[in-house]
$ cat entry-v8.txt   # compact mmCIF, C-alpha atoms
# COMPACT_ATOMS: atom_id res chain seq x y z
CA MET A 8 -19.89 225.28 217.11
CA ARG A 9 -18.40 226.20 213.78
CA GLU A 10 -19.49 228.66 211.14
CA ILE A 11 -20.29 227.37 207.65
CA ILE A 12 -19.31 229.97 205.07
CA ASP A 13 -21.39 228.82 202.12
CA HIS A 14 -24.01 231.26 200.82
CA GLY A 15 -25.42 228.71 198.38
CA LYS A 16 -25.98 226.19 201.16
CA LEU A 17 -27.60 228.86 203.33
CA GLU A 18 -30.01 229.79 200.54
CA SER A 19 -30.82 226.13 199.89
CA TYR A 20 -31.86 225.67 203.54
CA ILE A 21 -33.96 228.84 203.38
CA GLN A 22 -35.74 227.62 200.25
CA MET A 23 -36.08 224.05 201.55
CA HIS A 24 -37.97 225.23 204.63
CA GLN A 25 -39.81 228.03 202.81
CA ILE A 26 -38.70 230.72 205.23
CA ASP A 27 -37.38 233.27 202.72
CA ARG A 28 -40.51 235.39 203.21
CA ILE A 29 -39.86 235.96 206.92
CA PHE A 30 -36.56 237.79 206.36
CA THR A 31 -36.20 241.31 205.01
CA GLU A 32 -33.72 241.89 202.20
CA GLN A 33 -31.41 243.81 204.57
CA LEU A 34 -31.46 240.97 207.10
CA HIS A 35 -30.40 238.32 204.59
CA GLN A 36 -26.78 239.51 204.60
CA HIS A 37 -26.61 238.99 208.38
CA LEU A 38 -27.79 235.37 208.37
CA THR A 39 -25.13 232.76 209.15
CA LEU A 40 -25.04 228.96 209.07
CA TYR A 41 -23.69 227.21 212.16
CA CYS A 42 -22.95 223.52 212.72
CA PHE A 43 -23.05 221.85 216.15
CA ASP A 44 -21.66 218.40 216.87
CA LYS A 45 -23.61 215.69 218.67
CA GLY A 46 -23.62 216.44 222.41
CA GLU A 47 -22.64 220.08 221.94
CA LEU A 48 -24.66 222.78 223.68
CA ILE A 49 -26.38 225.34 221.47
CA CYS A 50 -27.22 227.47 224.50
CA SER A 51 -27.27 227.11 228.29
CA GLN A 52 -29.96 228.17 230.74
CA GLY A 53 -29.13 231.60 232.19
CA ASP A 54 -26.65 232.59 229.47
CA PRO A 55 -27.12 235.95 227.72
CA ALA A 56 -29.24 235.50 224.59
CA GLN A 57 -27.65 237.30 221.67
CA TYR A 58 -28.72 235.07 218.78
CA LEU A 59 -31.93 233.74 217.30
CA TYR A 60 -31.36 230.24 215.90
CA ILE A 61 -33.49 228.37 213.38
CA LEU A 62 -32.98 224.62 213.31
CA VAL A 63 -32.78 223.44 209.68
CA GLU A 64 -31.09 220.03 210.05
CA GLY A 65 -30.70 217.47 212.85
CA LYS A 66 -32.32 216.91 216.24
CA ILE A 67 -32.00 218.87 219.48
CA LYS A 68 -32.92 218.22 223.11
CA ILE A 69 -34.41 220.98 225.25
CA TYR A 70 -34.27 220.69 229.03
CA THR A 71 -34.44 222.83 232.14
CA ASN A 72 -32.61 222.83 235.48
CA SER A 73 -34.27 223.56 238.83
CA ALA A 74 -32.73 225.53 241.69
CA GLU A 75 -32.20 222.17 243.45
CA GLY A 76 -30.02 220.98 240.58
CA LYS A 77 -32.56 218.64 239.02
CA THR A 78 -32.85 218.39 235.25
CA LEU A 79 -36.02 217.70 233.31
CA ILE A 80 -36.50 217.12 229.58
CA LEU A 81 -39.04 219.46 227.98
CA SER A 82 -38.91 218.17 224.43
CA PHE A 83 -36.93 216.93 221.45
CA LYS A 84 -37.15 218.96 218.25
CA THR A 85 -36.46 218.47 214.56
CA PRO A 86 -36.72 221.12 211.79
CA LEU A 87 -38.29 223.56 211.60
CA GLU A 88 -37.73 224.92 215.12
CA VAL A 89 -36.60 228.23 216.60
CA ILE A 90 -34.32 228.75 219.61
CA GLY A 91 -34.15 232.14 221.30
CA ASP A 92 -37.51 233.46 220.09
CA LEU A 93 -39.01 234.21 223.51
CA GLU A 94 -35.66 235.56 224.67
CA TYR A 95 -35.56 237.93 221.70
CA VAL A 96 -39.11 239.18 222.22
CA GLN A 97 -38.68 239.70 225.97
CA SER A 98 -34.96 240.64 225.96
CA ILE A 99 -34.11 238.01 228.58
CA ASP A 100 -31.43 235.36 229.10
CA PHE A 101 -31.90 231.84 227.77
CA ILE A 102 -34.56 230.11 229.86
CA ASN A 103 -33.64 226.54 228.86
CA THR A 104 -30.60 224.53 227.83
CA VAL A 105 -30.51 223.19 224.27
CA GLU A 106 -28.21 220.33 223.26
CA ALA A 107 -27.52 218.71 219.90
CA VAL A 108 -28.72 215.08 219.89
CA SER A 109 -27.28 214.56 216.40
CA SER A 110 -25.12 216.72 214.18
CA VAL A 111 -27.13 219.94 213.88
CA VAL A 112 -27.26 222.84 211.42
CA MET A 113 -28.75 226.18 212.48
CA ILE A 114 -29.35 229.50 210.79
CA GLY A 115 -28.26 232.16 213.26
CA VAL A 116 -28.84 235.89 213.37
CA GLN A 117 -27.89 238.36 216.07
CA HIS A 118 -30.68 240.09 217.97
CA ARG A 119 -29.23 243.48 217.13
CA TRP A 120 -29.74 242.88 213.39
CA LEU A 121 -33.27 241.62 213.98
CA LYS A 122 -34.09 244.79 215.92
CA GLN A 123 -32.50 247.01 213.31
CA PHE A 124 -33.99 245.49 210.18
CA SER A 125 -37.04 243.43 211.20
CA HIS A 126 -38.53 244.75 214.43
CA ASP A 127 -41.78 245.62 212.60
CA HIS A 128 -41.59 243.09 209.73
CA ALA A 129 -45.02 241.43 209.85
CA PRO A 130 -44.05 238.05 208.27
CA LEU A 131 -41.27 237.53 210.84
CA LEU A 132 -43.47 238.63 213.74
CA ASN A 133 -46.27 236.29 212.62
CA PHE A 134 -43.75 233.46 212.29
CA LEU A 135 -42.44 234.05 215.83
CA LEU A 136 -45.97 234.31 217.22
CA GLU A 137 -46.89 230.98 215.67
CA ILE A 138 -43.74 229.32 217.02
CA ILE A 139 -44.11 230.74 220.54
CA THR A 140 -47.80 229.84 220.93
CA LYS A 141 -47.07 226.32 219.69
CA LYS A 142 -44.31 226.02 222.31
CA PHE A 143 -46.65 227.00 225.15
CA HIS A 144 -49.13 224.37 224.00
CA LEU A 145 -46.43 221.70 223.85
CA LYS A 146 -45.02 222.76 227.23
CA ASN A 147 -48.39 222.20 228.89
CA LYS A 148 -48.60 218.82 227.18
CA SER A 149 -45.07 217.94 228.32
CA MET A 150 -45.79 218.88 231.94
CA SER A 151 -48.93 216.73 231.92
CA PHE A 152 -46.95 213.93 230.31
CA ASN A 153 -44.37 213.87 233.12
CA ILE A 154 -47.05 213.98 235.82
CA MET A 155 -49.70 211.66 234.41
CA TYR A 156 -47.85 208.90 232.57
CA PRO A 157 -46.00 206.00 234.22
CA VAL A 158 -42.22 205.70 234.12
CA GLU A 159 -42.48 202.83 231.62
CA VAL A 160 -44.10 205.12 229.05
CA ARG A 161 -41.72 207.99 229.81
CA LEU A 162 -38.62 205.81 229.46
CA ALA A 163 -39.88 204.26 226.22
CA SER A 164 -40.59 207.76 224.88
CA TYR A 165 -37.18 209.03 225.96
CA LEU A 166 -35.36 206.12 224.29
CA LEU A 167 -37.35 206.63 221.09
CA SER A 168 -36.52 210.32 221.05
CA ILE A 169 -32.76 209.79 221.26
CA SER A 170 -32.55 206.66 219.12
CA PHE A 171 -31.25 206.57 215.58
CA GLU A 172 -32.21 203.36 213.79
CA GLY A 173 -32.60 201.63 217.13
CA SER A 174 -28.94 201.83 218.08
CA GLU A 175 -28.55 204.88 220.30
CA LEU A 176 -26.63 204.37 223.55
CA VAL A 177 -27.53 206.11 226.82
CA THR A 178 -24.34 206.45 228.87
CA SER A 179 -25.82 207.56 232.20
CA ILE A 180 -28.84 205.92 233.79
CA LYS A 181 -28.76 208.54 236.55
CA ASP A 182 -29.04 211.34 233.98
CA ALA A 183 -31.89 209.52 232.25
CA ALA A 184 -33.72 209.27 235.61
CA ASN A 185 -33.37 213.02 236.17
CA LEU A 186 -34.41 213.87 232.64
CA ILE A 187 -37.67 211.92 232.76
CA GLY A 188 -38.44 212.91 236.36
CA THR A 189 -38.08 209.68 238.36
CA SER A 190 -35.75 208.10 240.90
CA TYR A 191 -32.64 206.12 239.97
CA ARG A 192 -33.98 203.10 241.86
CA HIS A 193 -37.36 203.17 240.11
CA LEU A 194 -35.74 203.59 236.71
CA ASN A 195 -33.47 200.61 237.40
CA ARG A 196 -36.53 198.43 238.03
CA VAL A 197 -38.10 199.55 234.75
CA ILE A 198 -34.85 198.98 232.85
CA THR A 199 -34.69 195.44 234.26
CA GLN A 200 -38.28 194.92 233.12
CA PHE A 201 -37.45 196.20 229.62
CA CYS A 202 -34.40 193.92 229.45
CA ASN A 203 -36.51 190.91 230.43
CA GLU A 204 -39.02 191.80 227.72
CA GLY A 205 -36.26 192.07 225.10
CA LEU A 206 -36.82 195.77 224.45
CA ILE A 207 -33.34 196.90 225.48
CA GLU A 208 -29.98 195.55 226.60
CA ARG A 209 -27.91 196.97 229.46
CA ASN A 210 -24.17 196.63 229.81
CA ARG A 211 -21.99 198.62 232.26
CA GLY A 212 -24.24 201.66 232.37
CA PHE A 213 -25.06 201.67 228.66
CA ILE A 214 -28.49 201.02 227.21
CA LEU A 215 -28.85 199.57 223.73
CA VAL A 216 -32.25 199.65 222.05
CA LYS A 217 -33.08 196.18 220.71
CA ASP A 218 -36.78 196.41 219.81
CA ILE A 219 -37.69 199.90 218.64
CA GLU A 220 -41.15 198.78 217.45
CA GLY A 221 -41.87 197.35 220.90
CA LEU A 222 -40.93 200.70 222.45
CA ARG A 223 -43.20 202.54 220.00
CA LYS A 224 -46.09 200.27 220.93
CA LEU A 225 -45.48 200.94 224.62
CA ALA A 226 -45.11 204.70 224.21
CA GLY A 227 -48.05 205.14 221.83
CA ASP A 228 -48.29 208.76 220.76
CA ASN A 229 -46.94 210.03 224.06
CA ILE A 230 -43.38 210.84 223.04
CA TYR A 231 -41.32 213.94 223.79
CA GLU A 232 -41.50 215.24 220.23
$ encode --input "entry-v8.txt" --output "structure tokens"
Amino acid sequence: MREIIDHGKLESYIQMHQIDRIFTEQLHQHLTLYCFDKGELICSQGDPAQYLYILVEGKIKIYTNSAEGKTLILSFKTPLEVIGDLEYVQSIDFINTVEAVSSVVMIGVQHRWLKQFSHDHAPLLNFLLEIITKKFHLKNKSMSFNIMYPVEVRLASYLLSISFEGSELVTSIKDAANLIGTSYRHLNRVITQFCNEGLIERNRGFILVKDIEGLRKLAGDNIYE
């Protein structure tokens, strides 16, 4: 993570996403731009939550870890998205892990400044309410997705969500199996099927997307975004 000290760029992101109304004048001076590299963690499950982040550029992956050490993808997000909203409202630690799938830019603000200058600011509270309720709806949809849809659809959706122009590489098949909630053996069978159908190519643990339109047709609307 690195801080971007550029007030003009910060204001351009605020105007681009039409979020100037949600911040009080006093809070504006405490907003900061942060950049995260691909693969970098924005926050980790169980860590103290001290910042509210607003995603204004790039794509992130949100996943959770069980007590048994299993990992499951909840969703992929693009702007406009908020990280740390529920944690701010409830004063709790981060409940999920968030990772940058691409280079990511976030607007960050410390909870202490939010509480001092915006704890009763109606536009911000309405914005957070809208974001949080939307997340609960999508979480229910995501849980149903992982239970009801076959591994073929889940893998196609996963590959679509992490692909950029059909060329994204997945370096760990085992991690992919955990993230979409299936066994390594079952996923291997599906990967072989996809290779035979010309959708992907596998080489030494890497997966290369070859036919992104074919994956979209297979996944339909049931993707993790």
$ closest_residue --input "entry-v8.txt" --among "A:Ile61, A:Leu40, A:Leu132, A:Val158" --to "His14 in chain A" --atoms "all atoms listed in the file"
A:Leu40
$ closest_residue --input "entry-v8.txt" --among "A:Ile67, A:Glu47, A:Lys77, A:Met8" --to "Ser190 in chain A" --atoms "all atoms listed in the file"
A:Lys77
$ residues_around --input "entry-v8.txt" --residues "Gly15 in chain A" --least-positions-apart "6" --cutoff "12 Å" --atoms "only C-alpha atoms" --output "PyMOL selection string"
chain A and resi 21-22+39-40
$ closest_residue --input "entry-v8.txt" --among "A:Ile187, A:Leu62, A:Leu225, A:Gly76" --to "Glu204 in chain A" --atoms "all atoms listed in the file"
A:Leu225
$ atom_distance --input "entry-v8.txt" --atom1 "CA of Asn203 in chain A" --atom2 "CA of Ile80 in chain A"
26.2 Å
$ build_atoms --input "entry-v8.txt" --residues "range 116-147 of chain A" --atoms "N, CA and C atoms" --output "short mmCIF file (atom, residue, chain, number, x, y, z; two decimals), in the frame of the given file"
data_model
loop_
_atom_site.label_atom_id
_atom_site.label_comp_id
_atom_site.auth_asym_id
_atom_site.auth_seq_id
_atom_site.Cartn_x
_atom_site.Cartn_y
_atom_site.Cartn_z
N VAL A 116 -28.87 234.45 213.63
CA VAL A 116 -28.84 235.89 213.37
C VAL A 116 -28.83 236.61 214.71
N GLN A 117 -27.99 237.61 214.82
CA GLN A 117 -27.89 238.36 216.07
C GLN A 117 -29.14 239.19 216.32
N HIS A 118 -29.50 239.31 217.59
CA HIS A 118 -30.68 240.09 217.97
C HIS A 118 -30.58 241.53 217.48
N ARG A 119 -29.37 242.06 217.51
CA ARG A 119 -29.23 243.48 217.13
C ARG A 119 -29.62 243.71 215.67
N TRP A 120 -29.35 242.72 214.79
CA TRP A 120 -29.74 242.88 213.39
C TRP A 120 -31.26 242.69 213.22
N LEU A 121 -31.82 241.80 214.01
CA LEU A 121 -33.27 241.62 213.98
C LEU A 121 -33.97 242.92 214.37
N LYS A 122 -33.47 243.55 215.43
CA LYS A 122 -34.09 244.79 215.92
C LYS A 122 -33.90 245.93 214.92
N GLN A 123 -32.77 245.92 214.25
CA GLN A 123 -32.50 247.01 213.31
C GLN A 123 -33.28 246.89 212.01
N PHE A 124 -33.41 245.65 211.51
CA PHE A 124 -33.99 245.49 210.18
C PHE A 124 -35.36 244.81 210.14
N SER A 125 -35.79 244.21 211.26
CA SER A 125 -37.04 243.43 211.20
C SER A 125 -37.93 243.60 212.42
N HIS A 126 -37.74 244.62 213.21
CA HIS A 126 -38.53 244.75 214.43
C HIS A 126 -40.01 244.94 214.15
N ASP A 127 -40.37 245.43 212.95
CA ASP A 127 -41.78 245.62 212.60
C ASP A 127 -42.14 244.87 211.31
N HIS A 128 -41.35 243.86 210.96
CA HIS A 128 -41.59 243.09 209.73
C HIS A 128 -42.66 242.03 210.02
N ALA A 129 -43.86 242.26 209.49
CA ALA A 129 -45.02 241.43 209.85
C ALA A 129 -44.80 239.93 209.60
N PRO A 130 -44.23 239.49 208.48
CA PRO A 130 -44.05 238.05 208.27
C PRO A 130 -43.19 237.40 209.35
N LEU A 131 -42.12 238.07 209.78
CA LEU A 131 -41.27 237.53 210.84
C LEU A 131 -42.01 237.50 212.17
N LEU A 132 -42.73 238.57 212.47
CA LEU A 132 -43.47 238.63 213.74
C LEU A 132 -44.56 237.56 213.79
N ASN A 133 -45.24 237.34 212.67
CA ASN A 133 -46.27 236.29 212.62
C ASN A 133 -45.65 234.91 212.78
N PHE A 134 -44.49 234.72 212.17
CA PHE A 134 -43.75 233.46 212.29
C PHE A 134 -43.37 233.19 213.75
N LEU A 135 -42.83 234.20 214.43
CA LEU A 135 -42.44 234.05 215.83
C LEU A 135 -43.65 233.81 216.72
N LEU A 136 -44.75 234.50 216.43
CA LEU A 136 -45.97 234.31 217.22
C LEU A 136 -46.47 232.88 217.10
N GLU A 137 -46.45 232.35 215.89
CA GLU A 137 -46.89 230.98 215.67
C GLU A 137 -46.00 229.98 216.42
N ILE A 138 -44.69 230.20 216.35
CA ILE A 138 -43.74 229.32 217.02
C ILE A 138 -43.92 229.38 218.54
N ILE A 139 -44.02 230.58 219.09
CA ILE A 139 -44.11 230.74 220.54
C ILE A 139 -45.40 230.14 221.10
N THR A 140 -46.53 230.39 220.43
CA THR A 140 -47.80 229.84 220.93
C THR A 140 -47.80 228.32 220.85
N LYS A 141 -47.17 227.77 219.81
CA LYS A 141 -47.07 226.32 219.69
C LYS A 141 -46.22 225.75 220.83
N LYS A 142 -45.18 226.47 221.22
CA LYS A 142 -44.31 226.02 222.31
C LYS A 142 -45.07 225.99 223.64
N PHE A 143 -45.89 226.98 223.89
CA PHE A 143 -46.65 227.00 225.15
C PHE A 143 -47.62 225.83 225.19
N HIS A 144 -48.23 225.52 224.06
CA HIS A 144 -49.13 224.37 224.00
C HIS A 144 -48.38 223.08 224.28
N LEU A 145 -47.21 222.91 223.66
CA LEU A 145 -46.43 221.70 223.85
C LEU A 145 -45.86 221.61 225.26
N LYS A 146 -45.54 222.77 225.87
CA LYS A 146 -45.02 222.76 227.23
C LYS A 146 -46.06 222.25 228.20
N ASN A 147 -47.30 222.69 228.03
CA ASN A 147 -48.39 222.20 228.89
C ASN A 147 -48.57 220.70 228.71
#
